[in-house]
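K.L.:
Contents are compact mmCIF, C-alpha atoms; file name protein-v7.txt:
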```txt
# COMPACT_ATOMS: atom_id res chain seq x y z
CA LEU A 275 14.87 -3.70 22.28
CA SER A 276 17.62 -2.17 20.17
CA PRO A 277 21.19 -0.86 20.37
CA LYS A 278 21.69 1.54 23.28
CA ILE A 279 21.35 5.25 22.77
CA HIS A 280 24.44 6.89 24.20
CA THR A 281 22.95 10.29 24.85
CA ARG A 282 26.33 11.97 24.98
CA THR A 283 26.75 11.20 21.25
CA LEU A 284 23.51 12.93 20.30
CA GLN A 285 22.84 16.63 20.22
CA GLN A 286 19.97 16.98 22.63
CA MET A 287 16.84 18.96 21.84
CA ASP A 288 14.44 20.76 24.12
CA GLY A 289 11.32 18.98 25.32
CA GLU A 290 9.33 20.80 22.66
CA GLY A 291 10.79 21.72 19.27
CA ALA A 292 9.84 24.17 16.53
CA PRO A 293 10.50 23.50 12.83
CA VAL A 294 13.65 24.63 11.03
CA PHE A 295 11.50 25.59 8.06
CA VAL A 296 8.01 25.03 6.66
CA LEU A 297 6.98 24.20 3.09
CA ARG A 298 3.68 25.62 1.93
CA GLY A 299 1.87 25.35 -1.39
CA HIS A 300 -0.43 22.36 -1.23
CA LYS A 301 -4.09 23.33 -1.48
CA ALA A 302 -5.31 20.25 0.39
CA ALA A 303 -4.29 18.08 3.33
CA VAL A 304 -0.82 16.53 3.03
CA ASN A 305 -1.28 12.77 3.49
CA CYS A 306 2.26 11.48 2.91
CA VAL A 307 5.87 12.73 2.89
CA LYS A 308 9.18 11.03 2.09
CA PHE A 309 12.81 12.12 1.96
CA SER A 310 14.74 11.30 -1.21
CA SER A 311 18.50 11.62 -1.63
CA GLU A 312 20.25 10.83 -4.91
CA HIS A 313 23.55 12.14 -6.23
CA GLY A 314 23.94 14.35 -3.17
CA LYS A 315 20.64 16.17 -3.70
CA LEU A 316 18.11 16.07 -0.87
CA GLU A 317 14.41 16.33 -1.78
CA ILE A 318 11.03 15.77 -0.16
CA LEU A 319 8.18 14.06 -1.99
CA SER A 320 4.67 14.86 -0.80
CA GLY A 321 1.17 13.73 -1.75
CA ALA A 322 -2.09 15.49 -0.97
CA LEU A 323 -5.81 14.90 -0.59
CA ASP A 324 -6.56 16.47 -4.00
CA GLY A 325 -4.30 14.05 -5.90
CA GLU A 326 -1.36 16.44 -6.29
CA VAL A 327 2.24 15.30 -5.85
CA ARG A 328 5.11 17.72 -5.25
CA ILE A 329 8.87 17.25 -5.23
CA TRP A 330 10.55 19.87 -3.03
CA ASP A 331 14.15 21.03 -3.38
CA ILE A 332 15.53 21.40 0.15
CA GLU A 333 18.10 24.02 -0.87
CA THR A 334 15.59 26.39 -2.47
CA ARG A 335 12.68 25.21 -0.30
CA ARG A 336 10.48 25.35 -3.39
CA PRO A 337 8.82 22.63 -5.46
CA SER A 338 10.80 21.57 -8.52
CA VAL A 339 7.84 19.46 -9.67
CA ALA A 340 4.11 19.73 -8.99
CA PHE A 341 1.55 17.67 -10.90
CA LYS A 342 -1.79 15.89 -10.61
CA ALA A 343 -0.86 12.22 -10.19
CA HIS A 344 -4.33 10.83 -9.40
CA GLU A 345 -7.93 11.98 -9.42
CA GLN A 346 -8.41 11.10 -5.76
CA SER A 347 -6.43 11.41 -2.55
CA ILE A 348 -2.77 10.32 -2.50
CA LEU A 349 -2.13 7.73 0.22
CA GLN A 350 1.54 7.03 -0.38
CA VAL A 351 4.67 8.26 -2.15
CA LEU A 352 7.75 6.01 -2.23
CA CYS A 353 11.22 6.78 -3.58
CA LEU A 354 13.11 4.27 -5.72
CA SER A 355 16.53 4.37 -7.35
CA ASN A 356 17.38 6.07 -10.66
CA GLY A 357 14.94 8.94 -10.17
CA ARG A 358 11.86 6.76 -10.03
CA PHE A 359 9.05 7.01 -7.51
CA VAL A 360 5.72 5.34 -6.75
CA THR A 361 2.35 6.88 -5.92
CA GLN A 362 -0.77 5.22 -4.53
CA SER A 363 -4.25 6.70 -4.53
CA LYS A 364 -7.21 6.05 -2.26
CA GLU A 365 -9.24 4.55 -5.12
CA GLY A 366 -6.67 1.75 -5.49
CA ASN A 367 -4.47 2.94 -8.34
CA VAL A 368 -0.68 2.52 -8.11
CA ALA A 369 1.69 4.23 -10.54
CA LEU A 370 5.43 4.25 -11.24
CA TRP A 371 6.93 7.57 -12.38
CA ASP A 372 10.30 8.71 -13.69
CA LYS A 373 11.52 12.17 -12.64
CA SER A 374 13.83 12.35 -15.67
CA ALA A 375 10.92 12.02 -18.12
CA SER A 376 10.18 15.08 -20.24
CA SER A 377 6.61 15.04 -18.96
CA LEU A 378 4.85 13.59 -15.94
CA LYS A 379 1.46 13.53 -17.63
CA LYS A 380 1.62 9.74 -17.87
CA PRO A 381 3.27 7.21 -15.54
CA VAL A 382 5.78 4.65 -16.76
CA VAL A 383 3.31 1.98 -15.68
CA SER A 384 0.17 1.84 -13.52
CA PHE A 385 -2.29 -0.75 -12.31
CA ASP A 386 -5.51 -1.00 -10.32
CA THR A 387 -5.56 -2.97 -7.05
CA SER A 388 -9.37 -2.72 -6.63
CA ALA A 389 -8.71 -1.62 -3.04
CA TYR A 390 -10.41 1.36 -1.47
CA GLY A 391 -9.14 2.25 1.99
CA PHE A 392 -6.27 3.68 3.99
CA CYS A 393 -3.62 0.92 3.90
CA ARG A 394 -0.46 2.28 2.28
CA CYS A 395 1.64 0.29 -0.16
CA SER A 396 5.30 -0.64 0.35
CA VAL A 397 8.12 -1.37 -2.12
CA VAL A 398 11.28 -3.49 -2.12
CA GLU A 399 13.95 -3.18 -4.80
CA SER A 400 16.06 -6.27 -5.50
CA GLY A 401 19.43 -6.18 -7.18
CA GLY A 402 18.85 -5.60 -10.87
CA GLY A 403 15.26 -6.85 -10.78
CA SER A 404 11.94 -5.10 -11.09
CA PRO A 405 10.62 -3.60 -7.83
CA LEU A 406 8.07 -5.61 -5.87
CA ILE A 407 5.19 -3.79 -4.21
CA VAL A 408 2.68 -4.98 -1.61
CA THR A 409 -0.79 -3.42 -1.66
CA PRO A 410 -4.20 -3.95 -0.08
CA SER A 411 -6.93 -5.60 -2.14
CA ALA A 412 -10.71 -5.58 -2.52
CA HIS A 413 -10.80 -8.31 0.15
CA GLN A 414 -10.19 -6.70 3.54
CA SER A 415 -7.90 -9.47 4.87
CA ARG A 416 -5.94 -10.11 1.68
CA LEU A 417 -2.73 -8.45 0.51
CA LEU A 418 -1.36 -8.51 -3.04
CA VAL A 419 2.27 -8.44 -4.18
CA TRP A 420 2.95 -7.06 -7.64
CA ASP A 421 5.90 -6.94 -9.98
CA PHE A 422 5.83 -3.76 -12.07
CA LYS A 423 6.59 -5.88 -15.14
CA ALA A 424 3.55 -8.14 -14.60
CA PRO A 425 -0.10 -7.24 -15.31
CA ALA A 426 -1.37 -9.37 -12.39
CA PRO A 427 -0.32 -10.02 -8.77
CA VAL A 428 2.61 -12.43 -8.36
CA HIS A 429 1.59 -13.31 -4.78
CA LYS A 430 -1.72 -13.31 -2.92
CA ILE A 431 -1.51 -13.30 0.87
CA ASP A 432 -4.79 -14.37 2.45
CA LEU A 433 -4.22 -13.54 6.10
CA SER A 434 -7.51 -15.07 7.21
CA GLN A 435 -6.03 -18.47 6.32
CA GLN A 436 -2.89 -17.78 8.38
CA ASN A 437 -4.70 -17.52 11.71
CA PRO A 438 -4.97 -20.85 13.58
CA SER A 439 -7.22 -19.35 16.28
CA GLY A 440 -9.87 -18.46 13.73
CA GLU A 441 -10.15 -14.86 14.95
CA LYS A 442 -11.11 -12.31 12.33
CA PHE A 443 -8.49 -9.67 11.55
CA GLY A 444 -10.84 -7.21 9.87
CA MET A 445 -9.34 -4.60 7.58
CA ILE A 446 -5.57 -4.51 7.09
CA ASN A 447 -4.47 -0.99 8.03
CA HIS A 448 -0.72 -1.35 7.52
CA ALA A 449 1.55 -3.39 5.25
CA SER A 450 5.27 -3.10 4.63
CA MET A 451 7.72 -5.28 2.73
CA TRP A 452 11.40 -5.74 3.54
CA SER A 453 14.26 -8.13 2.89
CA SER A 454 15.36 -10.70 5.45
CA GLN A 455 18.56 -12.76 5.27
CA ASP A 456 18.79 -16.23 6.78
CA SER A 457 21.64 -18.69 6.10
CA ASN A 458 22.91 -16.43 3.31
CA VAL A 459 19.52 -16.61 1.60
CA VAL A 460 17.77 -13.28 1.08
CA SER A 461 13.99 -13.38 1.01
CA ASN A 462 11.22 -10.80 1.08
CA VAL A 463 8.80 -10.69 3.99
CA VAL A 464 5.67 -8.64 4.64
CA SER A 465 4.80 -7.22 8.05
CA TRP A 466 1.20 -6.18 8.62
CA ALA A 467 -1.22 -4.76 11.20
CA SER A 468 -5.00 -4.99 11.34
CA GLU A 469 -8.24 -3.45 12.51
CA SER A 470 -8.57 -6.16 15.19
CA GLY A 471 -5.27 -5.22 16.87
CA HIS A 472 -3.32 -8.15 15.41
CA VAL A 473 0.13 -7.86 13.84
CA GLY A 474 2.13 -10.41 11.90
CA VAL A 475 4.96 -11.24 9.52
CA TYR A 476 4.60 -13.34 6.35
CA SER A 477 7.32 -14.95 4.22
CA LEU A 478 6.93 -14.73 0.44
CA ARG A 479 9.63 -17.35 -0.12
CA GLY A 480 7.96 -19.89 2.15
CA ALA A 481 4.40 -18.71 1.44
CA LYS A 482 3.66 -18.95 5.15
CA SER A 483 3.16 -16.90 8.28
CA LEU A 484 6.30 -16.41 10.36
CA ALA A 485 4.54 -14.92 13.39
CA THR A 486 1.10 -13.62 14.37
CA GLY A 487 -0.29 -12.15 17.57
CA SER A 488 -2.56 -9.58 19.18
CA LEU A 489 -1.27 -6.35 20.74
CA ALA A 490 -4.51 -4.61 21.71
CA LYS A 491 -8.25 -4.78 21.19
CA GLN A 492 -8.15 -1.63 19.07
CA PRO A 493 -7.18 -0.96 15.45
CA ILE A 494 -3.44 -0.73 14.74
CA MET A 495 -2.93 2.17 12.31
CA CYS A 496 0.86 2.29 11.86
CA MET A 497 3.91 0.14 12.48
CA ASP A 498 7.62 -0.18 11.76
CA VAL A 499 10.00 -3.08 12.45
CA LEU A 500 13.68 -3.91 12.88
CA ARG A 501 15.22 -7.27 11.95
CA ASN A 502 16.96 -9.12 14.78
CA LYS A 503 18.35 -12.60 15.55
CA ILE A 504 15.04 -14.22 16.52
CA GLY A 505 12.87 -12.47 13.93
CA CYS A 506 12.03 -8.80 14.31
CA LEU A 507 11.34 -6.05 16.83
CA GLY A 508 8.56 -3.59 16.19
CA PHE A 509 6.63 -0.55 17.31
CA ALA A 510 2.94 -0.06 16.58
CA GLY A 511 0.48 2.79 17.12
CA SER A 512 -3.28 2.44 17.51
CA ALA A 513 -6.37 4.44 16.62
CA GLU A 514 -6.79 5.28 20.31
CA GLY A 515 -3.28 6.63 20.93
CA ARG A 516 -1.67 3.50 22.36
CA LEU A 517 1.97 2.75 21.49
CA SER A 518 3.33 -0.82 21.71
CA ALA A 519 6.82 -2.28 21.59
CA PHE A 520 6.82 -5.95 20.56
CA SER A 521 8.91 -8.80 19.20
CA ALA A 522 8.06 -11.49 16.65
CA ASN A 523 9.81 -14.84 17.04
CA PHE A 524 10.03 -16.59 13.66
CA SER A 525 10.93 -19.96 15.25
CA THR A 526 7.93 -20.16 17.58
CA GLY A 527 5.56 -17.99 15.55
CA GLU A 528 4.75 -15.90 18.62
CA VAL A 529 4.30 -12.15 18.92
CA LYS A 530 5.04 -10.74 22.39
CA GLU A 531 4.34 -7.22 23.59
CA HIS A 532 7.18 -5.95 25.79
CA LYS A 533 5.72 -2.58 26.70
CA GLY A 534 2.64 -0.53 25.96
CA ILE A 535 1.98 3.12 26.81
CA GLN A 536 -0.88 5.54 26.28
CA ILE A 537 0.58 8.67 24.73
CA SER A 538 -2.59 10.50 23.69
CA ASN A 539 -6.35 10.19 23.70
CA LYS A 540 -6.24 10.52 19.92
CA GLY A 541 -4.94 8.13 17.30
CA LEU A 542 -1.56 7.69 15.63
CA SER A 543 -1.40 7.82 11.84
CA ASP A 544 2.26 7.09 11.06
CA LEU A 545 5.42 5.71 12.67
CA CYS A 546 8.99 5.69 11.37
CA ILE A 547 12.24 4.26 12.82
CA ARG A 548 15.43 6.16 12.00
CA SER A 549 18.11 4.24 10.10
CA ASP A 550 20.50 4.16 13.09
CA ARG A 551 17.89 2.13 15.05
CA ARG A 552 18.14 4.49 18.02
CA ILE A 553 14.97 6.58 17.83
CA PHE A 554 11.59 6.57 16.13
CA ALA A 555 8.90 9.16 15.52
CA THR A 556 5.10 9.07 15.56
CA ALA A 557 2.62 11.32 13.76
CA GLY A 558 -0.60 11.91 15.69
CA TRP A 559 -4.13 13.13 15.27
CA ASP A 560 -3.39 15.44 18.24
CA ARG A 561 -1.23 17.65 15.93
CA ARG A 562 2.06 16.42 17.41
CA VAL A 563 5.15 14.59 16.22
CA ARG A 564 6.73 12.68 19.09
CA ILE A 565 10.22 11.17 19.31
CA PHE A 566 10.88 8.01 21.33
CA LYS A 567 13.91 6.01 22.37
CA CYS A 568 13.84 2.55 20.78
CA GLN A 569 15.48 0.82 23.71
CA THR A 570 13.10 1.95 26.45
CA LEU A 571 10.10 3.59 24.73
CA ASP A 572 10.86 6.78 26.68
CA GLN A 573 9.51 9.93 25.09
CA LEU A 574 12.43 12.20 24.20
CA GLY A 575 10.68 15.17 22.64
CA ILE A 576 7.53 16.70 21.18
CA LEU A 577 7.68 18.61 17.89
CA LYS A 578 5.00 21.28 17.63
CA TYR A 579 3.89 23.28 14.65
CA HIS A 580 0.79 21.90 12.98
CA THR A 581 -2.69 23.19 13.75
CA GLU A 582 -4.49 20.01 12.63
CA SER A 583 -3.84 16.26 12.56
CA VAL A 584 -0.40 15.07 11.43
CA PHE A 585 -0.77 12.30 8.86
CA ALA A 586 2.83 11.37 8.01
CA THR A 587 6.43 11.61 9.15
CA ASP A 588 9.83 10.49 7.84
CA PHE A 589 13.52 10.70 8.78
CA ASP A 590 16.46 11.76 6.68
CA SER A 591 19.90 10.45 7.66
CA PRO A 592 21.07 10.69 11.29
CA SER A 593 23.85 13.08 10.17
CA SER A 594 21.33 15.73 9.12
CA GLY A 595 18.90 15.13 11.97
CA TYR A 596 15.98 16.13 9.74
CA ILE A 597 12.43 14.94 10.44
CA VAL A 598 9.60 15.90 8.08
CA SER A 599 5.87 15.88 8.81
CA GLY A 600 2.77 16.40 6.66
CA SER A 601 -0.55 17.58 8.04
CA LYS A 602 -4.23 18.14 7.43
CA ASP A 603 -3.42 21.86 7.74
CA LYS A 604 -1.85 21.63 4.21
CA SER A 605 1.68 22.34 5.41
CA ILE A 606 4.95 20.38 5.58
CA ALA A 607 7.24 21.02 8.55
CA VAL A 608 10.93 20.09 8.70
CA PHE A 609 12.47 19.74 12.16
CA GLU A 610 15.99 18.99 13.32
CA ALA A 611 16.45 16.76 16.36
CA TYR A 612 19.03 14.27 17.66
CA LYS A 613 21.50 15.03 14.95
CA GLN A 614 24.62 12.90 15.14
CA ALA A 615 27.16 14.79 17.19
CA GLU A 616 30.70 15.36 16.05
CA LYS A 617 33.48 15.04 18.58
CA ARG A 618 37.18 15.69 18.40
CA THR A 619 39.55 12.79 19.02
CA GLY A 620 43.30 13.37 18.95
CA GLY A 621 42.91 16.73 17.27
CA GLU A 622 40.77 15.32 14.46
CA LYS A 623 37.11 15.88 13.91
CA LYS A 624 35.24 12.61 13.97
CA THR A 625 31.59 11.72 13.46
CA THR A 626 30.19 9.46 16.14
CA ARG A 627 28.14 6.54 14.83
```
How does the structure come out when it is put into C-alpha cells?

P.N.:
Amino acid sequence: LSPKIHTRTLQQMDGEGAPVFVLRGHKAAVNCVKFSSEHGKLEILSGALDGEVRIWDIETRRPSVAFKAHEQSILQVLCLSNGRFVTQSKEGNVALWDKSASSLKKPVVSFDTSAYGFCRCSVVESGGGSPLIVTPSAHQSRLLVWDFKAPAPVHKIDLSQQNPSGEKFGMINHASMWSSQDSNVVSNVVSWASESGHVGVYSLRGAKSLATGSLAKQPIMCMDVLRNKIGCLGFAGSAEGRLSAFSANFSTGEVKEHKGIQISNKGLSDLCIRSDRRIFATAGWDRRVRIFKCQTLDQLGILKYHTESVFATDFDSPSSGYIVSGSKDKSIAVFEAYKQAEKRTGGEKKTTR
C-alpha cells in the first residue's frame, strides 16, 4: 500500500512503550493535539473539553500560552504558517488566531458553521492565498468550505447528491482537505467518512465526487489518506474498533478495501499517517495508542500511559520520532518510537531517509 519499511533503518521499540514525558495542566479532557514547528521551535497545541487552548513549549515542557478560546468543548486545533492557528468548537464556531498578537482575547476572524457534532475541520493553505477550511454543517450529509476572507461558504458539498446508489450516509464523522496535482494542475480535494461506513473523495475544482464506497456497516470515526498514481490510499478506523486499509480509484470512482482487522472491542477516535508514509498511529477508546506499518497493516507497537480514552494523536517529524496523544484523563503524553536511524557510511554520519 505504500513505500516499504526497511526495518533496519528504523530504531525499533519494544512491543509496549512508555512516554518520554507527560504534560499536565488541563482541567478537562484533552480532545485534540497537534505538533507545530516554526523557526526551529517545536510546540504542541492542545484543546480541551472546557474550551481552553494551550500552547506547550517542548523545551521547558510548560505552556507558553493558555486561554479560553470557546465557551464549549474544543474539537480541533490546526497549525498554519506565520504563527497562526485555527480552533473549532463543538457548538460550530471556527476561529483564526495569531500567536504574535498582544492579546488572545479576540480571534483575528471567526464564523459560525451552525454545526453541532464531532466532525473536525481541516485546513489547506495555498501559496499566498487565504487558507481554505472544510467544516461540517447543520445538514448531516453536507460539508462547507470557507475562505477566511469571506463571510459565507465558498463551496457547499452535498454528499447525498453524490451517491448513485441512493444509500443514506448519515452523519459525516470525518472530513479532511488536501491538495492533489494532476497534469501540473493543483486542485483541492476533500476526503470524508460517514456514520454509515462509507468513505469518499470529492474534487472542489470539478465540483464532483472522485470516488465513493462502503468499508463496513459501522460508523467510520477517523481516517487519513496518501495520494498515489490512481487516486489515494487510506486507512480508516470505526466506532467498533475495526481498522481498514483501502484505495480510491479516481478514474473508475471505486473504493476498494484491501484489508480489514479488528484491533479492539472499543472504538477508534483518531488516526494519523507519519510524513514519511511508513507508519501510522491510532488513538483508541481502550486507552491505547497503536502503531501500524502502512504497507502490511501489521501492528508494530502499543503505547501505554493513559487511564481513560485517547481522543487524539499526532506525529512530529520522523527525525525526532515523537508521537503525542491527548486523553479524557486530562493529560498529554509524548512518546518516541521509530525514530529515523543514523548510520555511518564511509566514516561520515548519514541520516537514512

K.L.:
Taking all atoms listed in the file into account, name the residue in A:His413, A:Lys602, A:Lys442, A:Arg298 that is nearest to Arg561 (chain A).

P.N.:
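Of all the options, A:Lys602 lies closest to Arg561 (chain A).
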
K.L.:
List as a list in words the protein and nucleic acid residues near Val473 (chain A), meaning an atom at most 6 Å away when all atoms listed in the file are counted, but skip any in the same chain fewer than 6 places from it.

P.N.:
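In the requested form, the answer reads Trp466, Ala467, Thr486 and Gly487 of chain A.
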
K.L.:
Output C-alpha atoms for every residue in that selection, as a PDB file, in the coordinates of the input.

P.N.:
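Below is the file that was written, result38.pdb:
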```pdb
ATOM      1  CA  TRP A 466       1.200  -6.180   8.620  1.00  0.00           C
ATOM      2  CA  ALA A 467      -1.220  -4.760  11.200  1.00  0.00           C
ATOM      3  CA  THR A 486       1.100 -13.620  14.370  1.00  0.00           C
ATOM      4  CA  GLY A 487      -0.290 -12.150  17.570  1.00  0.00           C
TER       5      GLY A 487
END
```

K.L.:
With distances taken over all atoms listed in the file, which of A:Ala522, A:Ala557, A:Ile535, A:Met495 is nearest to Phe589 (chain A)?

P.N.:
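Comparing A:Ala522, A:Ala557, A:Ile535, A:Met495 against Phe589 (chain A), the winner is A:Ala557.
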
K.L.:
Please list as number ranges by chain every residue within 8 Å of Ser477 (chain A), counting only C-alpha atoms and excluding residues in the same chain fewer than 5 positions away.

P.N.:
A: 461-464, 482-484

K.L.:
Considering all atoms listed in the file, state which residue in the set A:Ala485, A:Val428, A:Leu571, A:Cys546 is at the smallest distance from Ser450 (chain A).

P.N.:
A:Cys546

K.L.:
Point out the residue among A:Asp372, A:Asp560, A:Asp544, A:Glu531 with the least atom-to-atom distance to Cys496 (chain A), counting only C-alpha atoms.

P.N.:
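Among A:Asp372, A:Asp560, A:Asp544, A:Glu531, it is A:Asp544 that comes nearest to Cys496 (chain A).
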
K.L.:
Give me, please, the distance in Å between CA of Phe309 (chain A) and CA of Asp590 (chain A), quoted to one decimal.

P.N.:
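Taking CA of Phe309 (chain A) and CA of Asp590 (chain A), their separation equals 6.0 Å.
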
K.L.:
Find the residues near region 347-349 of chain A: any atom within 7 Å, counting all atoms listed in the file, skip ones fewer than 3 places away on the same chain, and give them as a count of residues only.

P.N.:
12

K.L.:
What is the CA of Ser374 (chain A)-CA of Glu317 (chain A) distance in Å, reported with one decimal?

P.N.:
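These atoms are spaced 14.5 Å apart.
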
K.L.:
In Å, rounded to a single decimal, give me how far CA of Leu319 (chain A) is from CA of Asp421 (chain A).

P.N.:
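So the answer is 22.6 Å.
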
K.L.:
Name all residues at most 10 Å from region 424-426 of chain A (count all atoms listed in the file; drop same-chain ones fewer than 3 positions away) and give them as a list in words.

P.N.:
Val383, Ser384, Phe385, Asp386, Thr387, Ser404, Leu418, Val419, Trp420, Asp421 and His429 of chain A

K.L.:
Find, counting all atoms listed in the file, the residue in A:Thr409, A:Ser594, A:Ser434, A:Ser453 that gets nearest to Ser388 (chain A).

P.N.:
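Ranked by minimum distance to Ser388 (chain A), first place goes to A:Thr409.
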
K.L.:
Considering all atoms listed in the file, state which residue in the set A:Ala412, A:Ile318, A:Leu406, A:Cys353 is at the smallest distance from Arg336 (chain A).

P.N.:
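Counting all atoms listed in the file, the residue closest to Arg336 (chain A) is A:Ile318.
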
K.L.:
How about completing region 509-525 of chain A with N, CA and C atoms and giving it to me as an mmCIF file, in the coordinates of the input?

P.N.:
```cif
data_model
loop_
_atom_site.group_PDB
_atom_site.id
_atom_site.type_symbol
_atom_site.label_atom_id
_atom_site.label_comp_id
_atom_site.auth_asym_id
_atom_site.auth_seq_id
_atom_site.Cartn_x
_atom_site.Cartn_y
_atom_site.Cartn_z
ATOM 1 N N PHE A 509 7.387 -1.553 16.574
ATOM 2 C CA PHE A 509 6.630 -0.550 17.310
ATOM 3 C C PHE A 509 5.348 -0.288 16.537
ATOM 4 N N ALA A 510 4.234 -0.214 17.237
ATOM 5 C CA ALA A 510 2.940 -0.060 16.580
ATOM 6 C C ALA A 510 2.098 0.971 17.316
ATOM 7 N N GLY A 511 1.342 1.770 16.543
ATOM 8 C CA GLY A 511 0.480 2.790 17.120
ATOM 9 C C GLY A 511 -0.972 2.533 16.760
ATOM 10 N N SER A 512 -1.873 2.786 17.707
ATOM 11 C CA SER A 512 -3.280 2.440 17.510
ATOM 12 C C SER A 512 -4.146 3.670 17.231
ATOM 13 N N ALA A 513 -5.396 3.388 16.904
ATOM 14 C CA ALA A 513 -6.370 4.440 16.620
ATOM 15 C C ALA A 513 -6.810 5.168 17.885
ATOM 16 N N GLU A 514 -6.424 4.649 19.048
ATOM 17 C CA GLU A 514 -6.790 5.280 20.310
ATOM 18 C C GLU A 514 -5.572 5.809 21.062
ATOM 19 N N GLY A 515 -4.451 5.991 20.343
ATOM 20 C CA GLY A 515 -3.280 6.630 20.930
ATOM 21 C C GLY A 515 -2.402 5.746 21.761
ATOM 22 N N ARG A 516 -2.511 4.421 21.601
ATOM 23 C CA ARG A 516 -1.670 3.500 22.360
ATOM 24 C C ARG A 516 -0.456 3.102 21.523
ATOM 25 N N LEU A 517 0.717 3.109 22.156
ATOM 26 C CA LEU A 517 1.970 2.750 21.490
ATOM 27 C C LEU A 517 2.507 1.466 22.107
ATOM 28 N N SER A 518 2.848 0.490 21.245
ATOM 29 C CA SER A 518 3.330 -0.820 21.710
ATOM 30 C C SER A 518 4.717 -1.103 21.170
ATOM 31 N N ALA A 519 5.554 -1.713 22.021
ATOM 32 C CA ALA A 519 6.820 -2.280 21.590
ATOM 33 C C ALA A 519 6.685 -3.795 21.671
ATOM 34 N N PHE A 520 7.044 -4.502 20.590
ATOM 35 C CA PHE A 520 6.820 -5.950 20.560
ATOM 36 C C PHE A 520 7.941 -6.651 19.816
ATOM 37 N N SER A 521 7.988 -7.979 19.964
ATOM 38 C CA SER A 521 8.910 -8.800 19.200
ATOM 39 C C SER A 521 8.140 -9.920 18.521
ATOM 40 N N ALA A 522 8.634 -10.357 17.367
ATOM 41 C CA ALA A 522 8.060 -11.490 16.650
ATOM 42 C C ALA A 522 9.137 -12.558 16.521
ATOM 43 N N ASN A 523 8.863 -13.735 17.071
ATOM 44 C CA ASN A 523 9.810 -14.840 17.040
ATOM 45 C C ASN A 523 9.457 -15.756 15.864
ATOM 46 N N PHE A 524 10.331 -15.811 14.860
ATOM 47 C CA PHE A 524 10.030 -16.590 13.660
ATOM 48 C C PHE A 524 10.116 -18.096 13.902
ATOM 49 N N SER A 525 10.817 -18.530 14.946
ATOM 50 C CA SER A 525 10.930 -19.960 15.250
ATOM 51 C C SER A 525 9.669 -20.496 15.912
#
```
